[in-house]
Structure formats: C-alpha cells, structure tokens
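In what follows, a structure is listed as structure tokens, so that the remarks can point back to it.
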Amino acid sequence: MTDAWPLVAALRDPASTQALDAHGWNALIAMARAERLVGTLAHRLADIQVPDAVRPILADARLDTDREAAQALWEADRAAQALGPLGIPVILLKGTAYAAAGLRAGEGRFIGDLDILVPRDRLDAVEAALFAAGWEWVKPDPYDDAYYRQWMHELPPMIHATRDRMIDVHHTILPLTARQTPDAAAMIADAVPIGNGLSILSPEDRLCHAAAHLFADGDLAGGLRNLWDIHCLLVDGMEHDPDFGLSVMERAAHHQLAKAVWRALRLAYRLYATPVKACRAPALFDYRPQRGDWLFAARMLARDGWGRETRKALRFAFFVRSHWLRMPPAMLARHLWTKWRKGHRPA
Amino acid sequence: MTTHHYRAQPPEALLVRPLDDLTLLYHRPSGQTHMVVSPVPEILAALQQGAADAATLHARLSREFDLGDPAQAQAEIAAHLAEMAALGVVSRA
Amino acid sequence: MRHSLTLRIGPATFRVGSAWRAPVDDLARLYADYPQERDAIADFTVRLDPTSALRRFFRPSIHITGDHGLADAAPMSLAHGLLAAEMGMNLQMALGWRRHLLLHASSVEKDGRALVMTGESGSGKSTLAAQLGERGWRLMGDEFALLDCVTGALHPFPRLVSLKNKAIDVIASEVSESRMGPLLAATAKGDIRHLVPRADAVARMAQPAMPALLLFPRFGGEAAVRPVGQGEVFMRLTQASTNYVALGEPAFAALSRFVATVPAAAIDFPSGDAGIALVDQLWADLP
C-alpha cells in the first residue's frame, strides 16, 4: 500500500513529475484532492510540462482556489464592515490572512471558514455586532455551548444567515485548557494592518500560530496542507531576513510554543526540504529528526493512491491525543463520553 | 433618524442583464447573483451620477419617472438602499 | 483497489474502483462500446468502499465515495452495486465538474439543434428523452446537460439512462434486451433498470449542438403548454445547476444568454405518446 510521498515529492520538486506515467498521475491527483492540496499542486506545476489530460484538471483546481480566495476576501470585507464601528483590532487568521496579504502560503490554497482574532474583553461586543449584521449560531446545543464559552479559545461557530458562510471568532490561539498559554495580547499588539480595518499576525506569530494549530489543537487531519503553510511562511520570512528562523524560535519560546514550532520546522525540513538554518548561538537548534518525528510524518502521509485514509490505528491514536492535549484527563473522559453518547465517531 | 449617504460601487463591480420580466445583477466582488425588479435597477443607475442619500435619489429619479407620493417613495428608496448596502451592492458613503 | 476500470463518457473520464467485482463487471458490459482505456489519466476517481471491514464480506454494504463525497451518503447493498457506481459518477460530476455549466436536465439532438428538458425526479425528463432517442432523435444525456460557457453549445454526456418503475416496461418493450441492464429492485427510488444509449449516440458523443428549445416537463396531467417568463427560467435553471455558483461570472453570462435566446415552455402530458406529440409540435413551431 502506497503512502502520500508522491504528493510530497511533487510539491517539493515539481520537475520530478515528468517521470510519472498515467497510473502515477491518477494516484498523485487523487492524493492531492484528498489532502486539499490540488490547488497548491496546480500552482507548483504552473511552469511544468504536463500531459494533455492533466492540464484541464489543474486548471479546474486553480479556478476553485481562485474562487475560494475571492469568497474568503469578501467574507473578510463583510466582517470588517460589521466590526468597523467597534474600533477594535480585527486580525485575520490562517488561509484568509494569507490570501488577503498575498502571501506565498495563499497561492492555490483551499480556504474554509473565516477565522478572526479579537481581544477577549470585547467578545460580547463582537458577538452582538455580528448578530446585528446577519450572522447566527450554527447549532444551539446547551452542552457544547457551555463547553465552548468556558474552555475554548473561540466563540461557538457562527454562520451568516443569507450567505451561508461560517465565521470563527478567536480570542486566543489555543484552548484555555491546553498546556501552553500563548500571549494573545502580544499577538494582537504586534499585528500588521492590511487596510479596511483588518490586520494579520506578524510573520513570527503567523508561523507560531500555524505550528500551534498543526500540533497542539488538531488530530493532524490535513497535516500535509498545514505543514505546507509552515514551509511557505518560513520561506517568505527568510526572503526578508535570513535569520528569520531564529526570531521565530525566540517568539515561540515567549508563547510557550517552542516545542511545537521546532517540531513543525523539523518536519517541514524532512518532508518539504524547507531551507531551515541550524544554529549554535544563542541556542542550539538543529533539524535532525527527534524522537517521535517519524510518527508524525507517518500520520501525515497516511493516504494512498486511491485517496483512501490508511493507518487507522495511528489515526485513532492521534485523534485521542488531540483531545488529550486540549483538556485534563478527567475532563477528557467526561467530554468524550458525552460526545460518544451523542453519536459522534472519529472519521 | 440619521440620513445615510450611499455610493455606487465602481462600474466594473456589477454586471447588469435586463430580462423580459426582471433584471439580473452579477456582483463580482461577492460572486453573488441577484434578481431584482424596479425600482432597484433605476436606483442603481441614478446612483452612478454620484454619492447621494434617499432624498437626492428621489429628486434624480423624479425627473424621469412618476413616483407617486413623495414621502412614501423616499421611504421605499431608503429601504432599498439599506438592503443593497447590506448585500454589498452599494457602499455607505 | 481490488477491481477497477476506466471509462470515458462525453468529455469526462472516470476511474472506478470497487471492493467487489460485480459492479465493475456490470459497468464493463453495459459500457462495452464506450472508450475504456486502462492507461488513461482520469478526471475523477470513484470508489465503492465497504462501509466497514466486516461489511466487505458479511451482508456487503457499499459506501459511495471518491474525489468528492457526501458525509451523509446512505450505504447501498451490493445487489445495487451498478446503481452505486452510477451514483458515484453523478456525485463527481455534480460536485467537481468545472468545464461546462451543469444543468440537471436531459437533452436530445435533431438536425444539429438540441432540446433540453429539466425538472425534478419523476418529471418524466429521462423517460421522454429515452423515447425520443428511439424515434429519430440523438440522445445526448438523461441526467446532466453540459453547457459550454464560451460557445453556448451543449455537449453530450450520454450515460446509461436510469428508468424507474413503470417507465421500465414502456422502454423495454421498444428496445432489444441486450440494451437493458439488470433489474435493481426496491432501491430507494423504487425499481430501476438502465438503458444503454443507441450506437450512434455513443459514437457521436463528442459532437455538440446548439440549444434551441427548453421544456419543463411534468408527467401526469391533461396535456397543456404554458410559456415561462425569462426570470422564472433563469431562477429554475440556477436551482437545477450544481455548479452555477462555482463557475462564477462565465456561468452568469452563459445562462443569461441562454435564457434570452432559447424559447421555453412548461408542458403537462398524461402519457409518453402525448408528451412526444407535444415535443414534435413545439419543435416544428420553432423559427
């Protein structure tokens, strides 16, 4: 059974796809679609000779990601209109931020919901303003709502009544029950304005957030895509400052995210050959594999040439881990039990 | 009640296609399609002459159309403008 | 995947993988005259997966998926495997096709011009198209009509025609048994049999035609014809399209041009023959 290495190879070295036969292309496209990386792949292959039958497939992927970017920017604009009168920082996160700022990480990317970061003490005002502008709760479930408000790093999800698009309002980047406590106030203070009343995180904070999101908040579904974001963010950062990797690690330490960011960079180097720079001073950082890296890599690559998820046991282990990271064990047991009773099952 | 001023979006933002019984609008920034009837297309056309509030638009439109009771017509225009602003088809000036 | 085949229909190539052999054998037999190149690069992957490891062998149960899937897809029994494969292909087209505006409609061609019929399941559009296909019209498709946003032409997508319940006997009495698929009894939509399009419909599946008439058929009622306003046509066609929003501006331009240039009517008919008669009459009345 194959894994997703052909997809990784194609992204890191587009010219290597010249050697693919029809079977190889079918597998690559199925994997790329399953990992929501087909738009990125199309972007990476823009200047490469591909077989005639592949060209329209990649063109369709570009069409889709271009449209998603346009829709995401429109949602951001609508949020800016609704929240502008409040005079608070509204910071775009993740895919929408990359698209809005024209970053490398946004090229060919599939963008989902709108994610924004606002100060925690203004959450009620933000909630009210969004309601007034046509957003509403996605689902009124008393247990989930109480859980969200007490422990999570975001409001319960909201959706716009007529546009049918979701918005996630964060007040910090990790759940309050997680082991690490990133400095949300510092992220907000250092945010970079991009016009229309909107901002994005600083280059270092963007990468810290991406790493936190990848390891400390999720079960690694979509791991290859999140890791590609990190690769792009680092490459972008290093273009402006060759020692960007160092300033990222310094900032990560401030956010208690050094472990996550370091692992993210090691894995990006391992899979995507990200040009990380090892250093000796002021601290020793090298990018040789550490204990556990291979498990993360294996989880990320658990996809075959038909687009199927593989390595079920490993996936389940990471699913449980993702909840374990978010909350203390006793709480976890109660939470998973309640969800199990409601019929939720890991994919 | 405060009077809101509105501004048309740049001309390339909206595609307008009149059909036999209604008018189609394609709004490029949002990718949304709207099906509208009078007086919406006329209001949009009148707004092209420059930013305005409901009273000014009423004056512009009265030159070409018989709008009936002025107070009622202005209230309707104001309502249409608010709705279009919420959709993003026109901007608040 | 254990069993697979690659199939081209109109402009789309499908790679169909299955945990079981029977659905793939059915496809290979019924689509025997269609291009089936083993080494083709496919536009879509369709998968017929077991719903769980156990259900691969014990009371086999199919989860339809592929490049595009629906989270709440109902599992299907292996006896309905052919239907599952057809639904899998529908799903990929509906969610993933971008090269034409997709309309949920049947279409037939005569003298280089196309008749498009759109309506809900049970409206009679598939059966009427099948019957016209046996009476001198070329069947272009029964499920999806593909509108080229640049040229305004319709492109053929002649899949197996899905006949339900009473329509099965009506058509089976007119065609040779070799063109009928197996009886799939008691599916969610009742009994189904598939009809293989005629040889010339398959041979000419790369030949487009300009749309000349749009009908909204409704089976079961006194014969009647009602004109439909352009606004209503536009609205009903966007509702009948799965990718209108995804295609954006070119779709808006193509559909507004279609609506402004193609005459439309709603027809009610109590029987297949009555429906055919209405079609012939409206077609003859075209300029």
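Each chain in the structure tokens gets a letter, A, B, ..., in the order shown, and its residues are numbered from 1; ligands are numbered from 1 in order too.
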
Enumerate, in order of chain and increasing residue number, the residues of chain A with an atom no farther than 10 Å from chain B, each with its shortest atom pair and distance in Å to one decimal, counting only C-alpha atoms, as a tab-separated table.
residue	atom	partner	partner_atom	distance
A:Arg67	CA	B:Gly31	CA	8.4
A:Ala70	CA	B:Pro29	CA	7.1
A:Gln71	CA	B:Ser30	CA	6.2
A:Ala72	CA	B:Ser30	CA	9.2
A:Leu73	CA	B:Pro29	CA	8.6
A:Trp74	CA	B:Ser30	CA	5.6
A:Glu75	CA	B:Ser30	CA	8.2
A:Asp77	CA	B:Gly88	CA	9.3
A:Arg78	CA	B:Gly88	CA	7.9
A:Gln81	CA	B:Ala86	CA	9.4
A:Ala82	CA	B:Ala86	CA	9.7
A:Ala133	CA	B:Ala86	CA	7.8
A:Gly134	CA	B:Ala86	CA	9.0
A:Thr162	CA	B:Leu87	CA	9.3
A:Arg163	CA	B:Gln32	CA	9.0

Mind writing the picked residues with C-alpha atoms as a CSV table (one decimal), in the first residue's frame?
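Full text of result_35.csv as output:
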chain,number,residue,atom,x,y,z
A,67,ARG,CA,-12.9,31.5,-6.3
A,70,ALA,CA,-12.3,35.8,-3.7
A,71,GLN,CA,-15.1,34.5,-1.5
A,72,ALA,CA,-12.9,34.5,1.6
A,73,LEU,CA,-11.9,38.1,1.0
A,74,TRP,CA,-15.5,39.1,0.5
A,75,GLU,CA,-16.3,37.5,3.9
A,77,ASP,CA,-14.8,42.6,3.9
A,78,ARG,CA,-18.2,41.9,5.4
A,81,GLN,CA,-18.0,46.4,7.7
A,82,ALA,CA,-19.8,44.8,10.7
A,133,ALA,CA,-25.1,42.1,10.7
A,134,GLY,CA,-26.8,38.8,9.9
A,162,THR,CA,-28.1,34.6,3.8
A,163,ARG,CA,-24.5,33.9,2.6

(request) Please return as a count of residues only: the residues of segment 138-277 of chain C that backbone DSSP assigns to strand (DSSP E or B). (result) 47

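For chain B, the residues no farther than 10 Å from chain C when using only C-alpha atoms are Leu15, Arg17, Pro18, Leu19, Asp20, Asp21, Leu22, Thr23, Leu24, Leu25, Tyr26, His27, Arg28, Ser30, Gly31, Gln32, Thr33, Met35 and Val36 of chain B.
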
(message) Residues of chain C within 9 Å of chain A, counting only C-alpha atoms, what are they? List them as a ChimeraX atom specification.
(response) /C:1,15,17,39-47,66-68,96-99,246-248

Please save C-alpha atoms of the selected residues as a PDB file, in the first residue's frame.
ATOM      1  CA  MET C   1      -8.429  -1.284  -5.011  1.00  0.00           C
ATOM      2  CA  ARG C  15     -11.528   5.770 -12.752  1.00  0.00           C
ATOM      3  CA  GLY C  17     -12.512   1.307  -8.078  1.00  0.00           C
ATOM      4  CA  ASP C  39      -3.904   3.617 -19.143  1.00  0.00           C
ATOM      5  CA  ALA C  40      -5.919   6.792 -19.297  1.00  0.00           C
ATOM      6  CA  ILE C  41      -5.490   9.709 -16.944  1.00  0.00           C
ATOM      7  CA  ALA C  42      -8.870  10.099 -15.271  1.00  0.00           C
ATOM      8  CA  ASP C  43     -10.723  13.306 -14.476  1.00  0.00           C
ATOM      9  CA  PHE C  44     -12.314  11.682 -11.455  1.00  0.00           C
ATOM     10  CA  THR C  45     -11.865   8.736  -9.110  1.00  0.00           C
ATOM     11  CA  VAL C  46     -14.975   6.939  -7.896  1.00  0.00           C
ATOM     12  CA  ARG C  47     -14.728   4.419  -5.062  1.00  0.00           C
ATOM     13  CA  GLY C  66     -14.205   9.191  -4.452  1.00  0.00           C
ATOM     14  CA  ASP C  67     -12.585  12.544  -5.060  1.00  0.00           C
ATOM     15  CA  HIS C  68     -15.868  14.074  -3.967  1.00  0.00           C
ATOM     16  CA  GLY C  96     -16.402  18.554  -9.276  1.00  0.00           C
ATOM     17  CA  TRP C  97     -17.064  19.336 -12.979  1.00  0.00           C
ATOM     18  CA  ARG C  98     -15.970  22.814 -13.991  1.00  0.00           C
ATOM     19  CA  ARG C  99     -15.529  22.740 -17.760  1.00  0.00           C
ATOM     20  CA  ALA C 246     -18.664  27.606  -8.553  1.00  0.00           C
ATOM     21  CA  LEU C 247     -18.214  28.827 -12.129  1.00  0.00           C
ATOM     22  CA  GLY C 248     -18.937  32.460 -11.297  1.00  0.00           C
TER      23      GLY C 248
END

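Atom CA of Ala274 of chain C is positioned 17.6 Å from atom CA of Gly119 of chain C.
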
(message) Neighbouring residues of Leu147 of chain C were defined as those with any atom within 8 Å, considering only C-alpha atoms; residues of the same chain fewer than 2 positions away were excluded. Please report them as a ChimeraX atom specification.
(response) /C:100-103,145,149,152-155

Writing out the chosen residues with N, CA and C atoms as a PDB file, in the first residue's frame:
ATOM      1  N   HIS C 100     -17.947  22.847 -17.948  1.00  0.00           N
ATOM      2  CA  HIS C 100     -19.208  23.310 -18.525  1.00  0.00           C
ATOM      3  C   HIS C 100     -20.150  23.641 -17.378  1.00  0.00           C
ATOM      4  N   LEU C 101     -21.153  24.462 -17.651  1.00  0.00           N
ATOM      5  CA  LEU C 101     -22.213  24.678 -16.680  1.00  0.00           C
ATOM      6  C   LEU C 101     -23.086  23.427 -16.687  1.00  0.00           C
ATOM      7  N   LEU C 102     -23.269  22.829 -15.499  1.00  0.00           N
ATOM      8  CA  LEU C 102     -24.038  21.590 -15.403  1.00  0.00           C
ATOM      9  C   LEU C 102     -25.493  21.891 -15.102  1.00  0.00           C
ATOM     10  N   LEU C 103     -26.382  21.383 -15.920  1.00  0.00           N
ATOM     11  CA  LEU C 103     -27.804  21.508 -15.640  1.00  0.00           C
ATOM     12  C   LEU C 103     -28.374  20.120 -15.413  1.00  0.00           C
ATOM     13  N   ALA C 145     -27.036  18.009 -18.498  1.00  0.00           N
ATOM     14  CA  ALA C 145     -26.763  18.693 -19.753  1.00  0.00           C
ATOM     15  C   ALA C 145     -25.569  19.599 -19.505  1.00  0.00           C
ATOM     16  N   CYS C 149     -19.764  27.498 -21.585  1.00  0.00           N
ATOM     17  CA  CYS C 149     -19.980  28.902 -21.219  1.00  0.00           C
ATOM     18  C   CYS C 149     -19.441  29.881 -22.262  1.00  0.00           C
ATOM     19  N   GLY C 152     -21.813  28.555 -25.855  1.00  0.00           N
ATOM     20  CA  GLY C 152     -23.251  28.391 -25.693  1.00  0.00           C
ATOM     21  C   GLY C 152     -23.777  27.061 -26.203  1.00  0.00           C
ATOM     22  N   ALA C 153     -22.890  26.169 -26.613  1.00  0.00           N
ATOM     23  CA  ALA C 153     -23.318  24.869 -27.136  1.00  0.00           C
ATOM     24  C   ALA C 153     -23.498  23.870 -25.999  1.00  0.00           C
ATOM     25  N   LEU C 154     -24.314  22.856 -26.279  1.00  0.00           N
ATOM     26  CA  LEU C 154     -24.499  21.758 -25.335  1.00  0.00           C
ATOM     27  C   LEU C 154     -23.607  20.597 -25.741  1.00  0.00           C
ATOM     28  N   HIS C 155     -22.922  20.027 -24.755  1.00  0.00           N
ATOM     29  CA  HIS C 155     -22.060  18.883 -25.050  1.00  0.00           C
ATOM     30  C   HIS C 155     -22.681  17.599 -24.532  1.00  0.00           C
TER      31      HIS C 155
END

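The coordinates place atom CA of Pro11 of chain C at 11.2 Å from atom CA of Pro35 of chain C.
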
(message) From a backbone DSSP assignment, name each residue in segment 31-269 of chain C labelled alpha helix (DSSP H), as a PyMOL selection string.
(response) chain C and resi 81-96+125-133+166-172+199-203+230-239+244-247+249-261

(message) What's around Gln9 of chain B at 9 Å? Count only C-alpha atoms, leave out sequence neighbours fewer than 2 positions away in its own chain, and write the answer as a list in words.
(response) Arg7, Pro11, Glu12, Ala13, Leu14, Gln48, Gly88, Val89, Val90 and Ser91 of chain B

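Separating atom CA of Gln36 of chain C from atom CA of Arg8 of chain C is a distance of 6.4 Å.
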
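Using only C-alpha atoms, the contacts of Phe65 of chain B at a cut-off of 12 Å, with sequence neighbours closer than 4 positions omitted, comprise Ser38, Pro39, Glu42, Ile43, Ala46, Leu57, His58, Ala59, Arg60, Leu61, Pro70 and Ala73 of chain B.
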
(request) May I have the residues within 10 Å of Lys166 of chain C as a ChimeraX atom specification, using only C-alpha atoms and disregarding those fewer than 3 positions away in the same chain? (result) /C:127,163,169-171,190-192

(message) Please list as a PyMOL selection string every residue within 10 Å of segment 217-220 of chain C, counting only C-alpha atoms and excluding residues in the same chain fewer than 3 positions away.
(response) chain C and resi 117-120+122-125+127-128+214+223-225+265-272+274-275+279

Would you write out those residues with N, CA and C atoms, as a PDB file, in the first residue's frame?
ATOM      1  N   MET C 117     -34.560  19.326 -21.507  1.00  0.00           N
ATOM      2  CA  MET C 117     -35.736  19.145 -20.641  1.00  0.00           C
ATOM      3  C   MET C 117     -35.272  19.053 -19.197  1.00  0.00           C
ATOM      4  N   THR C 118     -35.783  19.939 -18.365  1.00  0.00           N
ATOM      5  CA  THR C 118     -35.324  19.953 -16.978  1.00  0.00           C
ATOM      6  C   THR C 118     -36.497  19.875 -16.015  1.00  0.00           C
ATOM      7  N   GLY C 119     -36.275  19.188 -14.898  1.00  0.00           N
ATOM      8  CA  GLY C 119     -37.346  19.049 -13.931  1.00  0.00           C
ATOM      9  C   GLY C 119     -36.908  18.162 -12.792  1.00  0.00           C
ATOM     10  N   GLU C 120     -37.774  18.036 -11.797  1.00  0.00           N
ATOM     11  CA  GLU C 120     -37.480  17.193 -10.636  1.00  0.00           C
ATOM     12  C   GLU C 120     -37.452  15.727 -11.040  1.00  0.00           C
ATOM     13  N   GLY C 122     -38.822  12.277 -11.468  1.00  0.00           N
ATOM     14  CA  GLY C 122     -40.222  11.899 -11.644  1.00  0.00           C
ATOM     15  C   GLY C 122     -40.972  12.808 -12.594  1.00  0.00           C
ATOM     16  N   SER C 123     -40.297  13.858 -13.103  1.00  0.00           N
ATOM     17  CA  SER C 123     -40.967  14.772 -14.022  1.00  0.00           C
ATOM     18  C   SER C 123     -41.183  14.121 -15.381  1.00  0.00           C
ATOM     19  N   GLY C 124     -40.395  13.082 -15.650  1.00  0.00           N
ATOM     20  CA  GLY C 124     -40.536  12.408 -16.937  1.00  0.00           C
ATOM     21  C   GLY C 124     -39.457  12.787 -17.925  1.00  0.00           C
ATOM     22  N   LYS C 125     -38.483  13.587 -17.498  1.00  0.00           N
ATOM     23  CA  LYS C 125     -37.488  14.050 -18.461  1.00  0.00           C
ATOM     24  C   LYS C 125     -36.605  12.926 -18.984  1.00  0.00           C
ATOM     25  N   THR C 127     -37.371   9.589 -19.151  1.00  0.00           N
ATOM     26  CA  THR C 127     -38.145   8.657 -19.979  1.00  0.00           C
ATOM     27  C   THR C 127     -38.462   9.268 -21.333  1.00  0.00           C
ATOM     28  N   LEU C 128     -38.862  10.532 -21.306  1.00  0.00           N
ATOM     29  CA  LEU C 128     -39.173  11.218 -22.562  1.00  0.00           C
ATOM     30  C   LEU C 128     -37.940  11.261 -23.462  1.00  0.00           C
ATOM     31  N   LEU C 214     -36.198  24.814 -24.657  1.00  0.00           N
ATOM     32  CA  LEU C 214     -36.116  24.354 -23.275  1.00  0.00           C
ATOM     33  C   LEU C 214     -37.521  24.016 -22.802  1.00  0.00           C
ATOM     34  N   ALA C 223     -52.933  17.245 -21.094  1.00  0.00           N
ATOM     35  CA  ALA C 223     -51.941  17.857 -21.977  1.00  0.00           C
ATOM     36  C   ALA C 223     -52.100  19.369 -21.985  1.00  0.00           C
ATOM     37  N   ALA C 224     -51.020  20.080 -21.750  1.00  0.00           N
ATOM     38  CA  ALA C 224     -51.088  21.550 -21.701  1.00  0.00           C
ATOM     39  C   ALA C 224     -49.711  22.120 -21.971  1.00  0.00           C
ATOM     40  N   VAL C 225     -49.694  23.317 -22.527  1.00  0.00           N
ATOM     41  CA  VAL C 225     -48.442  24.031 -22.778  1.00  0.00           C
ATOM     42  C   VAL C 225     -48.564  25.423 -22.181  1.00  0.00           C
ATOM     43  N   ALA C 265     -40.920  26.530 -22.447  1.00  0.00           N
ATOM     44  CA  ALA C 265     -42.329  26.260 -22.154  1.00  0.00           C
ATOM     45  C   ALA C 265     -42.427  25.158 -21.105  1.00  0.00           C
ATOM     46  N   ALA C 266     -43.515  25.214 -20.320  1.00  0.00           N
ATOM     47  CA  ALA C 266     -43.814  24.130 -19.386  1.00  0.00           C
ATOM     48  C   ALA C 266     -44.870  23.253 -20.045  1.00  0.00           C
ATOM     49  N   ILE C 267     -44.653  21.942 -20.063  1.00  0.00           N
ATOM     50  CA  ILE C 267     -45.652  21.042 -20.670  1.00  0.00           C
ATOM     51  C   ILE C 267     -46.119  19.992 -19.669  1.00  0.00           C
ATOM     52  N   ASP C 268     -47.417  19.765 -19.681  1.00  0.00           N
ATOM     53  CA  ASP C 268     -48.004  18.658 -18.921  1.00  0.00           C
ATOM     54  C   ASP C 268     -48.475  17.617 -19.916  1.00  0.00           C
ATOM     55  N   PHE C 269     -48.318  16.334 -19.569  1.00  0.00           N
ATOM     56  CA  PHE C 269     -48.766  15.297 -20.502  1.00  0.00           C
ATOM     57  C   PHE C 269     -49.156  14.039 -19.733  1.00  0.00           C
ATOM     58  N   PRO C 270     -50.276  13.416 -20.167  1.00  0.00           N
ATOM     59  CA  PRO C 270     -50.785  12.254 -19.443  1.00  0.00           C
ATOM     60  C   PRO C 270     -50.101  10.938 -19.820  1.00  0.00           C
ATOM     61  N   SER C 271     -49.410  10.928 -20.966  1.00  0.00           N
ATOM     62  CA  SER C 271     -48.774   9.681 -21.395  1.00  0.00           C
ATOM     63  C   SER C 271     -47.532   9.996 -22.206  1.00  0.00           C
ATOM     64  N   GLY C 272     -46.702   8.992 -22.393  1.00  0.00           N
ATOM     65  CA  GLY C 272     -45.488   9.170 -23.190  1.00  0.00           C
ATOM     66  C   GLY C 272     -45.805   9.658 -24.584  1.00  0.00           C
ATOM     67  N   ALA C 274     -48.409  11.274 -25.624  1.00  0.00           N
ATOM     68  CA  ALA C 274     -48.880  12.665 -25.595  1.00  0.00           C
ATOM     69  C   ALA C 274     -47.696  13.612 -25.455  1.00  0.00           C
ATOM     70  N   GLY C 275     -46.737  13.224 -24.612  1.00  0.00           N
ATOM     71  CA  GLY C 275     -45.544  14.053 -24.417  1.00  0.00           C
ATOM     72  C   GLY C 275     -44.762  14.195 -25.701  1.00  0.00           C
ATOM     73  N   VAL C 279     -43.875  17.600 -27.883  1.00  0.00           N
ATOM     74  CA  VAL C 279     -42.498  17.933 -28.263  1.00  0.00           C
ATOM     75  C   VAL C 279     -42.406  18.179 -29.772  1.00  0.00           C
TER      76      VAL C 279
END
